[in-house]
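The next block is upload31.txt, given as compact mmCIF, C-alpha atoms.
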# COMPACT_ATOMS: atom_id res chain seq x y z
CA MET Q 1 -6.04 24.37 -19.62
CA GLU Q 2 -2.31 25.00 -19.63
CA PHE Q 3 -0.34 24.59 -16.43
CA ASN Q 4 2.94 26.05 -15.51
CA GLU Q 5 5.10 24.99 -12.59
CA LYS Q 6 4.10 28.03 -10.55
CA SER Q 7 0.37 27.30 -10.81
CA LEU Q 8 0.59 23.94 -8.99
CA PRO Q 9 1.47 23.29 -5.33
CA ASN Q 10 4.90 21.95 -4.40
CA ALA Q 11 3.60 18.66 -3.05
CA SER Q 12 0.86 16.20 -3.92
CA LEU Q 13 -0.63 13.01 -2.57
CA LEU Q 14 -1.75 9.78 -4.22
CA GLU Q 15 -3.87 7.56 -1.98
CA VAL Q 16 -5.25 4.06 -2.42
CA HIS Q 17 -7.94 3.86 0.23
CA SER Q 18 -8.54 0.13 0.25
CA ALA Q 19 -6.88 -2.55 -1.84
CA ARG Q 20 -8.01 -6.05 -0.94
CA LEU Q 21 -5.32 -8.72 -0.57
CA ASN Q 22 -5.65 -12.43 0.26
CA ILE Q 23 -2.82 -13.35 2.62
CA HIS Q 24 -1.80 -16.45 4.57
CA LEU Q 25 -1.62 -14.63 7.91
CA GLY Q 26 -1.95 -15.86 11.48
CA CYS Q 27 -0.14 -16.93 14.61
CA SER Q 28 -0.87 -20.63 14.11
CA GLU Q 29 -0.36 -22.93 11.14
CA ALA Q 30 -4.10 -23.60 11.15
CA GLU Q 31 -4.87 -19.87 10.84
CA ARG Q 32 -2.33 -19.49 8.03
CA ALA Q 33 -3.66 -22.53 6.14
CA LEU Q 34 -6.28 -20.54 4.25
CA PRO Q 35 -5.80 -17.02 2.89
CA GLN Q 36 -7.48 -14.21 4.81
CA GLU Q 37 -8.69 -10.90 3.46
CA VAL Q 38 -6.74 -7.83 4.50
CA ASP Q 39 -7.15 -4.27 3.30
CA LEU Q 40 -4.15 -2.22 2.29
CA ARG Q 41 -4.18 1.56 2.49
CA ILE Q 42 -1.35 3.39 0.74
CA GLN Q 43 -0.32 7.03 0.63
CA VAL Q 44 2.41 8.27 -1.65
CA ARG Q 45 3.39 11.87 -1.00
CA PHE Q 46 5.23 13.51 -3.87
CA ASN Q 47 7.60 16.27 -2.77
CA VAL Q 48 7.60 17.38 -6.40
CA VAL Q 49 4.37 17.29 -8.38
CA PRO Q 50 4.51 14.35 -10.83
CA PRO Q 51 4.86 15.30 -14.49
CA ALA Q 52 1.58 13.45 -15.20
CA CYS Q 53 -0.27 16.51 -13.87
CA GLN Q 54 0.79 18.20 -17.10
CA THR Q 55 1.33 15.34 -19.55
CA ASP Q 56 -1.68 13.15 -18.70
CA GLU Q 57 0.58 10.14 -19.35
CA LEU Q 58 0.63 7.09 -17.06
CA GLN Q 59 4.39 6.64 -17.37
CA ASP Q 60 4.81 10.07 -15.73
CA THR Q 61 3.36 8.98 -12.40
CA VAL Q 62 3.08 5.96 -10.09
CA CYS Q 63 0.99 3.18 -11.61
CA TYR Q 64 -0.61 1.79 -8.48
CA GLN Q 65 -2.41 -0.95 -10.43
CA GLN Q 66 0.87 -2.30 -11.76
CA ILE Q 67 2.51 -2.28 -8.31
CA LEU Q 68 -0.52 -3.89 -6.66
CA THR Q 69 -0.71 -6.61 -9.30
CA SER Q 70 2.96 -7.50 -8.87
CA LEU Q 71 2.62 -7.28 -5.06
CA ARG Q 72 -0.25 -9.79 -5.13
CA GLY Q 73 1.97 -12.17 -7.10
CA TYR Q 74 4.84 -11.66 -4.67
CA LEU Q 75 2.63 -12.35 -1.63
CA PHE Q 76 0.66 -15.25 -3.16
CA GLU Q 77 2.63 -18.15 -1.62
CA ARG Q 78 4.22 -16.33 1.32
CA ARG Q 79 3.08 -16.94 4.88
CA TYR Q 80 3.17 -14.52 7.80
CA ALA Q 81 2.66 -15.12 11.49
CA LEU Q 82 2.41 -11.42 12.31
CA ILE Q 83 0.78 -8.40 10.70
CA GLU Q 84 3.91 -6.37 11.54
CA LYS Q 85 6.13 -8.54 9.31
CA LEU Q 86 3.59 -8.40 6.49
CA ALA Q 87 3.42 -4.61 6.76
CA ALA Q 88 7.21 -4.29 6.72
CA GLU Q 89 7.51 -6.38 3.55
CA VAL Q 90 4.70 -4.50 1.81
CA PHE Q 91 6.26 -1.16 2.78
CA LEU Q 92 9.68 -2.17 1.42
CA TYR Q 93 8.11 -3.63 -1.74
CA PHE Q 94 6.39 -0.32 -2.53
CA GLN Q 95 9.33 1.81 -1.47
CA GLU Q 96 11.62 0.04 -3.95
CA ARG Q 97 9.20 0.86 -6.80
CA LEU Q 98 8.57 4.53 -6.09
CA PRO Q 99 10.46 7.45 -7.58
CA SER Q 100 12.84 9.46 -5.47
CA GLN Q 101 11.40 12.46 -3.66
CA THR Q 102 8.38 10.52 -2.40
CA GLU Q 103 7.27 9.55 1.09
CA LEU Q 104 5.28 6.40 1.78
CA ALA Q 105 2.77 5.30 4.40
CA ILE Q 106 0.93 1.97 4.46
CA ARG Q 107 -1.65 0.41 6.73
CA ILE Q 108 -2.57 -3.27 6.78
CA HIS Q 109 -6.03 -4.02 8.21
CA LYS Q 110 -6.71 -7.64 9.10
CA LEU Q 111 -10.47 -7.65 8.75
CA TYR Q 112 -11.45 -10.81 10.63
CA PRO Q 113 -8.89 -11.88 13.24
CA PRO Q 114 -9.95 -14.98 15.22
CA VAL Q 115 -10.29 -12.98 18.43
CA GLU Q 116 -13.57 -12.96 20.28
CA LYS Q 117 -15.51 -9.68 20.32
CA MET Q 118 -13.18 -7.87 17.92
CA PRO Q 119 -15.52 -7.06 15.01
CA GLY Q 120 -13.43 -4.15 13.71
CA GLY Q 121 -10.33 -6.20 13.10
CA VAL Q 122 -6.80 -5.01 13.72
CA SER Q 123 -4.38 -2.87 11.76
CA PHE Q 124 -0.69 -2.01 11.68
CA GLN Q 125 0.79 1.06 10.03
CA LEU Q 126 4.23 2.08 8.83
CA GLY Q 127 4.92 5.68 7.89
CA GLU Q 128 2.84 8.72 8.73
CA PHE Q 129 -0.50 9.40 7.06
CA ARG Q 130 -1.33 13.03 6.36

Let me see the file written as structure tokens.
Amino acid sequence: MEFNEKSLPNASLLEVHSARLNIHLGCSEAERALPQEVDLRIQVRFNVVPPACQTDELQDTVCYQQILTSLRGYLFERRYALIEKLAAEVFLYFQERLPSQTELAIRIHKLYPPVEKMPGGVSFQLGEFR
């Protein structure tokens, strides 16, 4: 099927629903001693449809696997007391690697905080999900 620019919408959305990260995160040194699982949700809103919609080429879009792999390396030895600081660094890390004319939203979900009767965990979000 051949596309032309008029047949596609003006905007598009790429979403990673749940990327698992192991992070040294917690208010105390003891909590930060071992990595904890957090989920990362990412939305990249393209104000212009990426060329990959027509070319079917990875280099014409955002390679989320490549960014996530490098992010995991970046975060590997870092330690965070607060989920807010972690979210800010992850947001800026992604933002620096995205093309212009994109909007970003991220949510960090700490799955198992050491807080009694909090089975759903806690999350912090930067940017607006649509």

9 Å contact set for His109 in chain Q, all atoms listed in the file, chain neighbours under 5 positions out, as a PyMOL selection string: chain Q and resi 37-41+83+121-125

Distance criterion (all atoms listed in the file): nearest to Leu86 in chain Q out of Q:Val115, Q:Ala30, Q:Ile42, Q:Ile23: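 For Leu86 in chain Q, the nearest of the candidates is Q:Ile23.
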
Nearest candidate to Leu34 in chain Q (options Q:Cys63, Q:Gly127, Q:Leu58, Q:Glu77; using all atoms listed in the file): Q:Glu77

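Minimum atom-to-atom distance to Ala19 in chain Q, evaluated using all atoms listed in the file, belongs to Q:Gln65 out of Q:Gln65, Q:Gln95, Q:Ser100, Q:Gln54.
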
Exercise: residues within 10 Å of coordinate (6.2, -5.4, 2.6), counting all atoms listed in the file, as an NGL selection string: :Q and (71 or 74-75 or 84-95 or 106 or 108 or 126)

Using all atoms listed in the file: which of Q:Arg97, Q:Val49, Q:Glu15, Q:Lys117 has the shortest distance to Ser70 in chain Q: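 For Ser70 in chain Q, the nearest of the candidates is Q:Arg97.
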
Closest of Q:Pro99, Q:Asn47, Q:His24, Q:Ser7 to Gln59 in chain Q - atom-to-atom distances counting all atoms listed in the file: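 Counting all atoms listed in the file, the residue closest to Gln59 in chain Q is Q:Pro99.
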
Range 78-82 of chain Q surroundings by all atoms listed in the file, 9 Å radius, close-in-sequence under 6 positions cut, as a list in words: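 Non-adjacent residues within range: Ile23, His24, Leu25, Gly26, Cys27, Ser28, Glu29, Glu31, Arg32 and Ala33 of chain Q.
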
Please write out, as JSON, where the centre of an axis-aligned box around all listed atoms of range 25-28 of chain Q lies and how long its edges are, in Å to one decimal, after adding 8 Å on each side.
{"center_x": -1.0, "center_y": -17.6, "center_z": 11.3, "size_x": 17.8, "size_y": 22.0, "size_z": 22.7}

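Nearest to Pro50 in chain Q of all the residues Q:Arg20, Q:Gln36, Q:Ala11, Q:Arg72 is Q:Ala11, based on only C-alpha atoms.
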
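Taking CA of Val16 in chain Q as the reference point, CA of Pro114 in chain Q is found at 26.4 Å.
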
Point-to-point distance in Å for CA of Gln43 in chain Q and CA of Met118 in chain Q: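 These two atoms are separated by 26.2 Å.
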
Point-to-point distance in Å for CA of Lys110 in chain Q and CA of Leu14 in chain Q: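 Going from CA of Leu14 in chain Q over to CA of Lys110 in chain Q covers 22.5 Å.
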
Who sits within 7 Å of Asp60 in chain Q, all atoms listed in the file, same chain under 3 positions skipped, as a list in words: Pro50, Pro51, Ala52 and Glu57 of chain Q
